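As provided, data.pdb (PDB, C-alpha atoms) reads as follows.
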```pdb
ATOM      1  CA  MET A   1     114.917  88.119  54.126  1.00  0.00           C
ATOM      2  CA  SER A   2     115.201  87.265  50.435  1.00  0.00           C
ATOM      3  CA  GLU A   3     112.933  87.916  47.475  1.00  0.00           C
ATOM      4  CA  GLN A   4     111.724  84.306  47.486  1.00  0.00           C
ATOM      5  CA  GLY A   5     111.338  84.299  51.262  1.00  0.00           C
ATOM      6  CA  ASP A   6     109.329  87.507  51.121  1.00  0.00           C
ATOM      7  CA  GLU A   7     107.073  86.070  48.397  1.00  0.00           C
ATOM      8  CA  ALA A   8     106.518  82.842  50.318  1.00  0.00           C
ATOM      9  CA  ARG A   9     105.650  84.577  53.584  1.00  0.00           C
ATOM     10  CA  ARG A  10     103.290  87.058  51.938  1.00  0.00           C
ATOM     11  CA  PHE A  11     101.610  84.212  50.056  1.00  0.00           C
ATOM     12  CA  THR A  12     101.104  82.277  53.293  1.00  0.00           C
ATOM     13  CA  ARG A  13      99.615  85.306  55.049  1.00  0.00           C
ATOM     14  CA  GLY A  14      96.816  85.264  52.488  1.00  0.00           C
ATOM     15  CA  GLN A  15      95.639  81.785  53.568  1.00  0.00           C
ATOM     16  CA  GLN A  16      93.912  80.552  56.716  1.00  0.00           C
ATOM     17  CA  SER A  17      93.935  76.769  56.344  1.00  0.00           C
ATOM     18  CA  GLY A  18      96.453  74.097  55.472  1.00  0.00           C
ATOM     19  CA  VAL A  19      97.232  70.395  55.768  1.00  0.00           C
ATOM     20  CA  LEU A  20      99.245  69.610  58.901  1.00  0.00           C
ATOM     21  CA  SER A  21     101.447  66.524  58.696  1.00  0.00           C
ATOM     22  CA  THR A  22     102.725  64.863  61.862  1.00  0.00           C
ATOM     23  CA  LEU A  23     104.629  61.638  62.573  1.00  0.00           C
ATOM     24  CA  SER A  24     102.182  59.032  63.781  1.00  0.00           C
ATOM     25  CA  LYS A  25     102.669  57.671  67.273  1.00  0.00           C
ATOM     26  CA  ARG A  26     100.016  55.000  66.737  1.00  0.00           C
ATOM     27  CA  LEU A  27     101.448  53.812  63.398  1.00  0.00           C
ATOM     28  CA  ASP A  28     105.151  53.978  64.213  1.00  0.00           C
ATOM     29  CA  GLY A  29     106.234  57.126  62.387  1.00  0.00           C
ATOM     30  CA  PHE A  30     104.042  56.997  59.287  1.00  0.00           C
ATOM     31  CA  PRO A  31     102.998  60.481  58.071  1.00  0.00           C
ATOM     32  CA  PHE A  32      99.579  61.561  59.344  1.00  0.00           C
ATOM     33  CA  GLY A  33      97.803  64.447  57.607  1.00  0.00           C
ATOM     34  CA  SER A  34      94.955  66.564  58.948  1.00  0.00           C
ATOM     35  CA  VAL A  35      93.283  69.812  57.905  1.00  0.00           C
ATOM     36  CA  SER A  36      94.192  72.647  60.255  1.00  0.00           C
ATOM     37  CA  PRO A  37      93.200  76.320  60.429  1.00  0.00           C
ATOM     38  CA  PHE A  38      96.091  78.608  61.330  1.00  0.00           C
ATOM     39  CA  ILE A  39      97.215  82.179  61.719  1.00  0.00           C
ATOM     40  CA  LEU A  40     100.714  83.535  61.255  1.00  0.00           C
ATOM     41  CA  ASP A  41     102.340  85.513  64.039  1.00  0.00           C
ATOM     42  CA  HIS A  42     103.999  88.801  63.159  1.00  0.00           C
ATOM     43  CA  MET A  43     107.255  87.079  62.228  1.00  0.00           C
ATOM     44  CA  GLY A  44     105.481  84.645  59.893  1.00  0.00           C
ATOM     45  CA  ARG A  45     105.401  81.507  62.056  1.00  0.00           C
ATOM     46  CA  PRO A  46     102.234  79.381  61.827  1.00  0.00           C
ATOM     47  CA  VAL A  47     100.138  79.084  64.979  1.00  0.00           C
ATOM     48  CA  ILE A  48      97.481  76.376  65.337  1.00  0.00           C
ATOM     49  CA  LEU A  49      94.860  75.690  68.015  1.00  0.00           C
ATOM     50  CA  ILE A  50      94.449  71.965  68.675  1.00  0.00           C
ATOM     51  CA  SER A  51      92.962  69.657  71.293  1.00  0.00           C
ATOM     52  CA  GLU A  52      94.857  67.283  73.561  1.00  0.00           C
ATOM     53  CA  ILE A  53      92.654  64.418  72.422  1.00  0.00           C
ATOM     54  CA  ALA A  54      93.328  64.974  68.686  1.00  0.00           C
ATOM     55  CA  GLU A  55      95.519  62.423  66.932  1.00  0.00           C
ATOM     56  CA  HIS A  56      97.873  65.087  65.564  1.00  0.00           C
ATOM     57  CA  THR A  57      98.373  66.568  69.046  1.00  0.00           C
ATOM     58  CA  LYS A  58      99.402  63.206  70.463  1.00  0.00           C
ATOM     59  CA  ASN A  59     101.814  62.862  67.575  1.00  0.00           C
ATOM     60  CA  ILE A  60     103.317  66.313  68.169  1.00  0.00           C
ATOM     61  CA  ASP A  61     103.743  65.690  71.884  1.00  0.00           C
ATOM     62  CA  ALA A  62     105.678  62.511  71.028  1.00  0.00           C
ATOM     63  CA  ASP A  63     107.706  64.056  68.186  1.00  0.00           C
ATOM     64  CA  PRO A  64     107.472  67.802  67.438  1.00  0.00           C
ATOM     65  CA  ARG A  65     108.663  67.515  63.814  1.00  0.00           C
ATOM     66  CA  VAL A  66     105.835  68.641  61.517  1.00  0.00           C
ATOM     67  CA  SER A  67     105.062  70.277  58.218  1.00  0.00           C
ATOM     68  CA  ILE A  68     102.095  72.319  57.041  1.00  0.00           C
ATOM     69  CA  ILE A  69     101.314  72.832  53.377  1.00  0.00           C
ATOM     70  CA  VAL A  70      99.316  75.895  52.363  1.00  0.00           C
ATOM     71  CA  GLN A  71      97.611  76.116  48.981  1.00  0.00           C
ATOM     72  CA  PRO A  72      94.433  77.843  47.775  1.00  0.00           C
ATOM     73  CA  TYR A  73      91.879  75.664  46.019  1.00  0.00           C
ATOM     74  CA  SER A  74      91.982  75.573  42.219  1.00  0.00           C
ATOM     75  CA  THR A  75      90.460  73.350  39.552  1.00  0.00           C
ATOM     76  CA  ASP A  76      94.079  72.584  38.603  1.00  0.00           C
ATOM     77  CA  MET A  77      95.998  72.373  41.865  1.00  0.00           C
ATOM     78  CA  GLN A  78      99.295  71.806  40.043  1.00  0.00           C
ATOM     79  CA  THR A  79      99.238  75.342  38.643  1.00  0.00           C
ATOM     80  CA  THR A  80      98.676  77.256  41.892  1.00  0.00           C
ATOM     81  CA  GLY A  81     101.362  78.505  44.258  1.00  0.00           C
ATOM     82  CA  ARG A  82     101.999  76.621  47.471  1.00  0.00           C
ATOM     83  CA  VAL A  83     104.153  76.848  50.556  1.00  0.00           C
ATOM     84  CA  THR A  84     105.274  74.043  52.846  1.00  0.00           C
ATOM     85  CA  VAL A  85     106.650  75.067  56.231  1.00  0.00           C
ATOM     86  CA  ILE A  86     108.767  72.327  57.820  1.00  0.00           C
ATOM     87  CA  GLY A  87     109.600  72.800  61.449  1.00  0.00           C
ATOM     88  CA  ARG A  88     109.056  71.882  65.083  1.00  0.00           C
ATOM     89  CA  ALA A  89     105.777  72.543  66.876  1.00  0.00           C
ATOM     90  CA  GLU A  90     105.958  73.948  70.394  1.00  0.00           C
ATOM     91  CA  ARG A  91     103.042  74.272  72.792  1.00  0.00           C
ATOM     92  CA  LEU A  92     102.524  77.844  74.002  1.00  0.00           C
ATOM     93  CA  GLN A  93     101.856  78.099  77.702  1.00  0.00           C
ATOM     94  CA  ALA A  94      99.177  80.797  77.695  1.00  0.00           C
ATOM     95  CA  LYS A  95      96.171  81.515  75.493  1.00  0.00           C
ATOM     96  CA  ASP A  96      95.868  85.154  76.582  1.00  0.00           C
ATOM     97  CA  GLU A  97      98.477  86.555  74.183  1.00  0.00           C
ATOM     98  CA  LEU A  98      97.219  85.029  70.935  1.00  0.00           C
ATOM     99  CA  GLY A  99      93.648  84.144  71.891  1.00  0.00           C
ATOM    100  CA  PRO A 100      91.966  87.471  71.020  1.00  0.00           C
ATOM    101  CA  ARG A 101      93.835  87.709  67.695  1.00  0.00           C
ATOM    102  CA  TYR A 102      92.993  84.121  66.756  1.00  0.00           C
ATOM    103  CA  LEU A 103      89.295  84.693  67.485  1.00  0.00           C
ATOM    104  CA  LEU A 104      89.171  87.701  65.168  1.00  0.00           C
ATOM    105  CA  TYR A 105      90.121  85.341  62.330  1.00  0.00           C
ATOM    106  CA  PHE A 106      88.139  82.343  63.607  1.00  0.00           C
ATOM    107  CA  PRO A 107      85.241  83.614  65.755  1.00  0.00           C
ATOM    108  CA  GLN A 108      83.606  80.183  65.563  1.00  0.00           C
ATOM    109  CA  ALA A 109      86.413  78.833  67.762  1.00  0.00           C
ATOM    110  CA  GLU A 110      85.303  80.854  70.798  1.00  0.00           C
ATOM    111  CA  GLY A 111      83.789  77.800  72.462  1.00  0.00           C
ATOM    112  CA  TYR A 112      87.152  76.051  72.407  1.00  0.00           C
ATOM    113  CA  PHE A 113      88.567  78.584  74.856  1.00  0.00           C
ATOM    114  CA  ALA A 114      86.208  77.392  77.559  1.00  0.00           C
ATOM    115  CA  MET A 115      87.711  73.911  77.211  1.00  0.00           C
ATOM    116  CA  HIS A 116      90.936  73.178  79.049  1.00  0.00           C
ATOM    117  CA  ASP A 117      92.156  70.663  76.483  1.00  0.00           C
ATOM    118  CA  PHE A 118      92.744  73.148  73.644  1.00  0.00           C
ATOM    119  CA  HIS A 119      96.194  74.708  73.303  1.00  0.00           C
ATOM    120  CA  PHE A 120      98.127  76.876  70.881  1.00  0.00           C
ATOM    121  CA  TYR A 121     101.135  75.373  69.135  1.00  0.00           C
ATOM    122  CA  ARG A 122     103.605  77.480  67.171  1.00  0.00           C
ATOM    123  CA  ILE A 123     105.640  75.969  64.350  1.00  0.00           C
ATOM    124  CA  GLU A 124     109.252  77.160  64.404  1.00  0.00           C
ATOM    125  CA  PRO A 125     110.450  76.776  60.790  1.00  0.00           C
ATOM    126  CA  VAL A 126     113.623  74.894  59.899  1.00  0.00           C
ATOM    127  CA  LYS A 127     113.033  75.032  56.117  1.00  0.00           C
ATOM    128  CA  ILE A 128     110.411  76.411  53.747  1.00  0.00           C
ATOM    129  CA  ARG A 129     109.493  75.027  50.334  1.00  0.00           C
ATOM    130  CA  TRP A 130     108.036  77.669  47.986  1.00  0.00           C
ATOM    131  CA  ILE A 131     106.558  76.789  44.611  1.00  0.00           C
ATOM    132  CA  GLY A 132     105.582  80.040  42.943  1.00  0.00           C
ATOM    133  CA  GLY A 133     104.798  78.735  39.463  1.00  0.00           C
ATOM    134  CA  PHE A 134     106.323  76.663  36.697  1.00  0.00           C
ATOM    135  CA  GLY A 135     110.078  76.492  37.188  1.00  0.00           C
ATOM    136  CA  ARG A 136     109.932  78.693  40.323  1.00  0.00           C
ATOM    137  CA  ILE A 137     110.757  76.167  43.039  1.00  0.00           C
ATOM    138  CA  PHE A 138     112.878  77.123  46.032  1.00  0.00           C
ATOM    139  CA  TRP A 139     114.112  75.832  49.369  1.00  0.00           C
ATOM    140  CA  ILE A 140     114.247  78.788  51.766  1.00  0.00           C
ATOM    141  CA  ASP A 141     116.012  79.154  55.115  1.00  0.00           C
ATOM    142  CA  PRO A 142     114.081  80.621  58.060  1.00  0.00           C
ATOM    143  CA  ALA A 143     116.298  83.709  58.142  1.00  0.00           C
ATOM    144  CA  ALA A 144     115.223  84.506  54.576  1.00  0.00           C
ATOM    145  CA  TYR A 145     111.540  83.847  55.306  1.00  0.00           C
ATOM    146  CA  LEU A 146     110.837  85.328  58.730  1.00  0.00           C
ATOM    147  CA  THR A 147     110.473  89.051  59.241  1.00  0.00           C
ATOM    148  CA  ALA A 148     111.351  91.194  62.239  1.00  0.00           C
ATOM    149  CA  SER A 149     108.368  91.749  64.493  1.00  0.00           C
ATOM    150  CA  GLY A 150     109.318  95.223  65.715  1.00  0.00           C
ATOM    151  CA  SER A 151     106.832  96.768  68.132  1.00  0.00           C
ATOM    152  CA  LEU A 152     103.800  96.409  65.842  1.00  0.00           C
ATOM    153  CA  ALA A 153     102.390  93.396  67.692  1.00  0.00           C
ATOM    154  CA  GLU A 154     102.288  95.416  70.914  1.00  0.00           C
ATOM    155  CA  VAL A 155     100.102  98.127  69.371  1.00  0.00           C
ATOM    156  CA  GLU A 156      98.045  95.980  66.994  1.00  0.00           C
ATOM    157  CA  SER A 157      94.869  96.039  69.108  1.00  0.00           C
ATOM    158  CA  ASP A 158      95.090  99.840  69.463  1.00  0.00           C
ATOM    159  CA  ILE A 159      95.452 100.263  65.679  1.00  0.00           C
ATOM    160  CA  LEU A 160      92.452  97.999  65.048  1.00  0.00           C
ATOM    161  CA  ALA A 161      90.309  99.893  67.550  1.00  0.00           C
ATOM    162  CA  HIS A 162      91.308 103.254  66.049  1.00  0.00           C
ATOM    163  CA  MET A 163      90.740 102.233  62.431  1.00  0.00           C
ATOM    164  CA  ASN A 164      87.391 100.574  63.121  1.00  0.00           C
ATOM    165  CA  ALA A 165      86.094 103.431  65.270  1.00  0.00           C
ATOM    166  CA  ASP A 166      87.408 106.440  63.347  1.00  0.00           C
ATOM    167  CA  HIS A 167      88.248 105.338  59.803  1.00  0.00           C
ATOM    168  CA  ALA A 168      85.514 102.976  58.665  1.00  0.00           C
ATOM    169  CA  ASP A 169      85.113 105.083  55.514  1.00  0.00           C
ATOM    170  CA  ASN A 170      88.785 104.528  54.676  1.00  0.00           C
ATOM    171  CA  LEU A 171      88.411 100.774  55.152  1.00  0.00           C
ATOM    172  CA  ARG A 172      85.487 100.687  52.722  1.00  0.00           C
ATOM    173  CA  ALA A 173      87.499 102.847  50.302  1.00  0.00           C
ATOM    174  CA  TYR A 174      90.425 100.393  50.504  1.00  0.00           C
ATOM    175  CA  CYS A 175      88.031  97.562  49.597  1.00  0.00           C
ATOM    176  CA  ARG A 176      86.643  99.525  46.663  1.00  0.00           C
ATOM    177  CA  HIS A 177      89.959 100.791  45.295  1.00  0.00           C
ATOM    178  CA  PHE A 178      92.270  97.813  45.799  1.00  0.00           C
ATOM    179  CA  HIS A 179      89.805  94.930  45.399  1.00  0.00           C
ATOM    180  CA  GLN A 180      86.843  96.475  43.538  1.00  0.00           C
ATOM    181  CA  VAL A 181      84.562  95.309  46.360  1.00  0.00           C
ATOM    182  CA  GLU A 182      81.610  97.354  47.584  1.00  0.00           C
ATOM    183  CA  THR A 183      80.731  96.573  51.181  1.00  0.00           C
ATOM    184  CA  GLU A 184      78.599  98.111  53.926  1.00  0.00           C
ATOM    185  CA  ALA A 185      80.631  96.518  56.705  1.00  0.00           C
ATOM    186  CA  ALA A 186      84.419  96.701  56.819  1.00  0.00           C
ATOM    187  CA  SER A 187      86.324  95.808  59.966  1.00  0.00           C
ATOM    188  CA  MET A 188      90.097  95.533  60.274  1.00  0.00           C
ATOM    189  CA  ILE A 189      90.811  92.306  62.158  1.00  0.00           C
ATOM    190  CA  GLY A 190      94.598  92.116  61.954  1.00  0.00           C
ATOM    191  CA  ILE A 191      97.664  94.072  60.946  1.00  0.00           C
ATOM    192  CA  ASP A 192     101.179  92.678  60.545  1.00  0.00           C
ATOM    193  CA  PRO A 193     104.467  93.789  58.979  1.00  0.00           C
ATOM    194  CA  ASP A 194     103.307  92.713  55.489  1.00  0.00           C
ATOM    195  CA  GLY A 195      99.772  94.098  55.420  1.00  0.00           C
ATOM    196  CA  PHE A 196      96.365  93.848  57.043  1.00  0.00           C
ATOM    197  CA  ASP A 197      93.088  91.930  56.816  1.00  0.00           C
ATOM    198  CA  VAL A 198      89.575  93.355  56.611  1.00  0.00           C
ATOM    199  CA  ARG A 199      86.346  91.439  57.194  1.00  0.00           C
ATOM    200  CA  THR A 200      83.628  92.534  54.759  1.00  0.00           C
ATOM    201  CA  ASP A 201      80.047  91.554  53.992  1.00  0.00           C
ATOM    202  CA  THR A 202      81.304  88.670  51.868  1.00  0.00           C
ATOM    203  CA  GLY A 203      84.499  87.536  53.617  1.00  0.00           C
ATOM    204  CA  LEU A 204      88.110  88.489  54.299  1.00  0.00           C
ATOM    205  CA  LEU A 205      90.195  90.753  52.079  1.00  0.00           C
ATOM    206  CA  ARG A 206      93.975  90.936  52.307  1.00  0.00           C
ATOM    207  CA  PHE A 207      95.851  94.225  51.742  1.00  0.00           C
ATOM    208  CA  GLU A 208      99.600  94.307  51.166  1.00  0.00           C
ATOM    209  CA  PHE A 209     102.106  96.926  52.285  1.00  0.00           C
ATOM    210  CA  THR A 210     104.807  97.708  49.722  1.00  0.00           C
ATOM    211  CA  THR A 211     107.504  97.808  52.420  1.00  0.00           C
ATOM    212  CA  PRO A 212     107.541  96.175  55.879  1.00  0.00           C
ATOM    213  CA  VAL A 213     105.728  98.011  58.652  1.00  0.00           C
ATOM    214  CA  LEU A 214     107.254  97.407  62.088  1.00  0.00           C
ATOM    215  CA  ASP A 215     105.768 100.056  64.399  1.00  0.00           C
ATOM    216  CA  ALA A 216     102.804 102.369  64.893  1.00  0.00           C
ATOM    217  CA  GLY A 217     104.404 105.278  63.056  1.00  0.00           C
ATOM    218  CA  THR A 218     105.176 103.405  59.852  1.00  0.00           C
ATOM    219  CA  ALA A 219     101.757 101.720  60.017  1.00  0.00           C
ATOM    220  CA  ARG A 220     100.054 105.103  60.159  1.00  0.00           C
ATOM    221  CA  GLN A 221     102.152 106.385  57.247  1.00  0.00           C
ATOM    222  CA  ALA A 222     101.319 103.338  55.108  1.00  0.00           C
ATOM    223  CA  LEU A 223      97.585 103.572  55.853  1.00  0.00           C
ATOM    224  CA  VAL A 224      97.524 107.299  55.086  1.00  0.00           C
ATOM    225  CA  GLU A 225      99.326 106.728  51.781  1.00  0.00           C
ATOM    226  CA  MET A 226      96.773 104.076  50.835  1.00  0.00           C
ATOM    227  CA  ALA A 227      93.917 106.422  51.694  1.00  0.00           C
ATOM    228  CA  GLN A 228      95.490 109.080  49.470  1.00  0.00           C
ATOM    229  CA  GLN A 229      95.678 106.564  46.601  1.00  0.00           C
ATOM    230  CA  CYS A 230      91.976 105.872  47.037  1.00  0.00           C
ATOM    231  CA  ARG A 231      91.174 109.583  46.745  1.00  0.00           C
ATOM    232  CA  ALA A 232      93.497 110.259  43.806  1.00  0.00           C
TER     233      ALA A 232
END
```
Go ahead and express the file in the form of structure tokens.
Amino acid sequence: MSEQGDEARRFTRGQQSGVLSTLSKRLDGFPFGSVSPFILDHMGRPVILISEIAEHTKNIDADPRVSIIVQPYSTDMQTTGRVTVIGRAERLQAKDELGPRYLLYFPQAEGYFAMHDFHFYRIEPVKIRWIGGFGRIFWIDPAAYLTASGSLAEVESDILAHMNADHADNLRAYCRHFHQVETEAASMIGIDPDGFDVRTDTGLLRFEFTTPVLDAGTARQALVEMAQQCRA
């Protein structure tokens, strides 16, 4: 990883929607853009859920080269940070591994799982473009962008269950201390090497770890340290 790669990945983790560009099969290779929700896997690779009948899916199946640009809305879009991940999209064979995690971020997509024509595609990066502000423009290699997954993905569901069942007060304290948000409901929906996401009364809040967390032990240590900061 590099400083710029770390910044770009962490920035992307804070977003849930981007513009997916594929190479049109119908129009002989012209770029075709479409809005696409996504999640990042633990390494930082975008994962999308798309239908076989969608135009972008037909394009991907004919030519897997894609890009997805991620940028939060602003009244002046030229001043906000943005990340473009250029890579190859690969259909994942099973929905069981990522399905439950995806639905925690996009519960409205539950009906899609009953349909046989929806599939997960993961974008394997070949280059990342990171614009972090005026004069801060970088091309980043995948090795500098992606993070090690460790064993955290294997225990993610256990951590979520434990935090939501036994530490709801801590989750509300995190919201209050780090984001100045008061909320009655606070549910951890995902944890990854860079941080975790909490669903509140008003939407999702992102919390960053200062150093990468790759297993249950370091996750516990980071969460305890954050709870201590809230009490200090």
Legend entry - Residues within 10 Å of Pro212 in chain A, all atoms listed in the file, excluding chain neighbours under 4 positions, as a ChimeraX atom specification: /A:147-149,192-195,208,218-219,222
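Within the file as shown, the PyMOL selection byres ((chain A and resi 83) around 6) identifies Ile69, Val70, Arg82, Thr84, Arg129 and Trp130 of chain A.
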Those selected residues, please, written with C-alpha atoms and delivered as a JSON list (two decimals), keeping the file's coordinate frame.
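Once everything was written out, this is result.json:
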```
[["chain", "number", "residue", "atom", "x", "y", "z"],
["A", 69, "ILE", "CA", 101.31, 72.83, 53.38],
["A", 70, "VAL", "CA", 99.32, 75.90, 52.36],
["A", 82, "ARG", "CA", 102.00, 76.62, 47.47],
["A", 84, "THR", "CA", 105.27, 74.04, 52.85],
["A", 129, "ARG", "CA", 109.49, 75.03, 50.33],
["A", 130, "TRP", "CA", 108.04, 77.67, 47.99]]
```
Legend entry - Residue with smallest distance to Tyr145 in chain A - pool A:Leu160, A:Ala165, A:Ile128, A:Ala94, counting all atoms listed in the file: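 With all atoms listed in the file as the atom set, the closest residue is A:Ile128.
The spacing separating CA of Pro37 in chain A from CA of Leu49 in chain A amounts to 7.8 Å.
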Inset, instruction - Considering only C-alpha atoms, return as a PyMOL selection string whatever protein or nucleic-acid residues lie within 10 Å of Tyr112 in chain A, sequence-local ones (same chain, fewer than 5 positions apart) excluded. - result: chain A and resi 49-51+117-119
Inset, instruction - Would you mind telling me which residue in A:Gly190, A:Gly33, A:Gly99, A:Pro142 lies nearest to Met163 in chain A when using only C-alpha atoms? - result: A:Gly190
Inset, instruction - Determine the residue membership of the PyMOL selection byres ((chain A and resi 23) around 12) for the file above and supply it as a PyMOL selection string. - result: chain A and resi 20-22+24-34+55-67+88-89
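For the file shown, the residue list from the PyMOL selection byres ((chain A and resi 104) around 12) reads Ile39, Leu98, Gly99, Pro100, Arg101, Tyr102, Leu103, Tyr105, Phe106, Pro107, Gln108, Ala109, Glu110, Ser157, Leu160, Ser187, Met188, Ile189, Gly190, Ile191, Asp197, Val198, Arg199 and Leu204 of chain A.
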Please report, as lines of an AutoDock Vina configuration file, the centre and edge lengths in Å to one decimal of an axis-aligned box covering all listed atoms of range 2-14 of chain A with 8 Å per side.
```
center_x = 106.0
center_y = 85.1
center_z = 51.3
size_x = 34.4
size_y = 21.6
size_z = 23.6
```
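Distance check against Arg13 in chain A using all atoms listed in the file: of A:Gly111, A:Gly44, A:Gly87, A:Pro72, the minimum falls on A:Gly44.
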Legend entry - Nearest residue to Thr80 in chain A from the set A:Thr183, A:Phe134, A:Asp141, A:Arg172 (distances using only C-alpha atoms):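 Of A:Thr183, A:Phe134, A:Asp141, A:Arg172, the one nearest Thr80 in chain A is A:Phe134, counting only C-alpha atoms.
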Legend entry - Between CA of Gly150 in chain A and CA of Cys175 in chain A - distance in Å to one decimal: 26.8 Å
Legend entry - Between CA of Asp215 in chain A and CA of Cys230 in chain A - distance in Å to one decimal: 22.9 Å
Legend entry - Nearest to Leu205 in chain A by atom-to-atom distance, counting only C-alpha atoms, from A:Gln15, A:Gln228, A:Ser2, A:Asn170: A:Gln15
Inset, instruction - Compile the contact shell of Glu182 in chain A as a list of chain:residue names: residues with an atom at most 9 Å away, counting all atoms listed in the file, same-chain residues fewer than 3 positions apart removed. - result: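 So, after excluding close chain neighbours, the residues are A:Arg172, A:Ala173, A:Cys175, A:Arg176, A:His179, A:Thr200, A:Asp201.
When all atoms listed in the file are used to compute distances to Ala143 in chain A, the closest of the residues A:Val155, A:Arg45, A:Gly14, A:His167 turns out to be A:Arg45.
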Inset, instruction - Quick one: everything within 12 Å of Ala232 in chain A, counting all atoms listed in the file, minus sequence neighbours fewer than 5 positions away in the same chain. Send it as a list in words. - result: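 My list of contacting residues is Ala173, His177, Glu225, Met226 and Ala227 of chain A.
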Written file, previous selection with C-alpha atoms, as a PDB file, in the frame of the given file:
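Printed below is again_27.pdb as written:
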```pdb
ATOM      1  CA  ALA A 173      87.499 102.847  50.302  1.00  0.00           C
ATOM      2  CA  HIS A 177      89.959 100.791  45.295  1.00  0.00           C
ATOM      3  CA  GLU A 225      99.326 106.728  51.781  1.00  0.00           C
ATOM      4  CA  MET A 226      96.773 104.076  50.835  1.00  0.00           C
ATOM      5  CA  ALA A 227      93.917 106.422  51.694  1.00  0.00           C
TER       6      ALA A 227
END
```
Rebuild range 99-112 of chain A to N, CA and C atoms - output it as a PDB file, in the frame of the given file, please.
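The resulting selection-v2.pdb:
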```
ATOM      1  N   GLY A  99      95.064  84.477  71.939  1.00  0.00           N
ATOM      2  CA  GLY A  99      93.648  84.144  71.891  1.00  0.00           C
ATOM      3  C   GLY A  99      92.770  85.194  71.222  1.00  0.00           C
ATOM      4  N   PRO A 100      92.816  86.451  71.641  1.00  0.00           N
ATOM      5  CA  PRO A 100      91.966  87.471  71.020  1.00  0.00           C
ATOM      6  C   PRO A 100      92.240  87.638  69.530  1.00  0.00           C
ATOM      7  N   ARG A 101      93.500  87.569  69.119  1.00  0.00           N
ATOM      8  CA  ARG A 101      93.835  87.709  67.695  1.00  0.00           C
ATOM      9  C   ARG A 101      93.307  86.522  66.898  1.00  0.00           C
ATOM     10  N   TYR A 102      93.476  85.319  67.442  1.00  0.00           N
ATOM     11  CA  TYR A 102      92.993  84.121  66.756  1.00  0.00           C
ATOM     12  C   TYR A 102      91.482  84.185  66.552  1.00  0.00           C
ATOM     13  N   LEU A 103      90.757  84.657  67.571  1.00  0.00           N
ATOM     14  CA  LEU A 103      89.295  84.693  67.485  1.00  0.00           C
ATOM     15  C   LEU A 103      88.795  85.724  66.483  1.00  0.00           C
ATOM     16  N   LEU A 104      89.573  86.752  66.203  1.00  0.00           N
ATOM     17  CA  LEU A 104      89.171  87.701  65.168  1.00  0.00           C
ATOM     18  C   LEU A 104      89.170  87.027  63.798  1.00  0.00           C
ATOM     19  N   TYR A 105      90.072  86.079  63.594  1.00  0.00           N
ATOM     20  CA  TYR A 105      90.121  85.341  62.330  1.00  0.00           C
ATOM     21  C   TYR A 105      89.164  84.151  62.336  1.00  0.00           C
ATOM     22  N   PHE A 106      88.995  83.525  63.499  1.00  0.00           N
ATOM     23  CA  PHE A 106      88.139  82.343  63.607  1.00  0.00           C
ATOM     24  C   PHE A 106      87.165  82.505  64.776  1.00  0.00           C
ATOM     25  N   PRO A 107      86.169  83.377  64.635  1.00  0.00           N
ATOM     26  CA  PRO A 107      85.241  83.614  65.755  1.00  0.00           C
ATOM     27  C   PRO A 107      84.476  82.358  66.167  1.00  0.00           C
ATOM     28  N   GLN A 108      84.331  81.409  65.245  1.00  0.00           N
ATOM     29  CA  GLN A 108      83.606  80.183  65.563  1.00  0.00           C
ATOM     30  C   GLN A 108      84.354  79.316  66.574  1.00  0.00           C
ATOM     31  N   ALA A 109      85.620  79.627  66.824  1.00  0.00           N
ATOM     32  CA  ALA A 109      86.413  78.833  67.762  1.00  0.00           C
ATOM     33  C   ALA A 109      86.261  79.298  69.204  1.00  0.00           C
ATOM     34  N   GLU A 110      85.408  80.284  69.449  1.00  0.00           N
ATOM     35  CA  GLU A 110      85.303  80.854  70.798  1.00  0.00           C
ATOM     36  C   GLU A 110      85.001  79.794  71.845  1.00  0.00           C
ATOM     37  N   GLY A 111      84.138  78.827  71.498  1.00  0.00           N
ATOM     38  CA  GLY A 111      83.789  77.800  72.462  1.00  0.00           C
ATOM     39  C   GLY A 111      84.969  76.952  72.903  1.00  0.00           C
ATOM     40  N   TYR A 112      85.990  76.863  72.054  1.00  0.00           N
ATOM     41  CA  TYR A 112      87.152  76.051  72.407  1.00  0.00           C
ATOM     42  C   TYR A 112      87.902  76.630  73.599  1.00  0.00           C
TER      43      TYR A 112
END
```
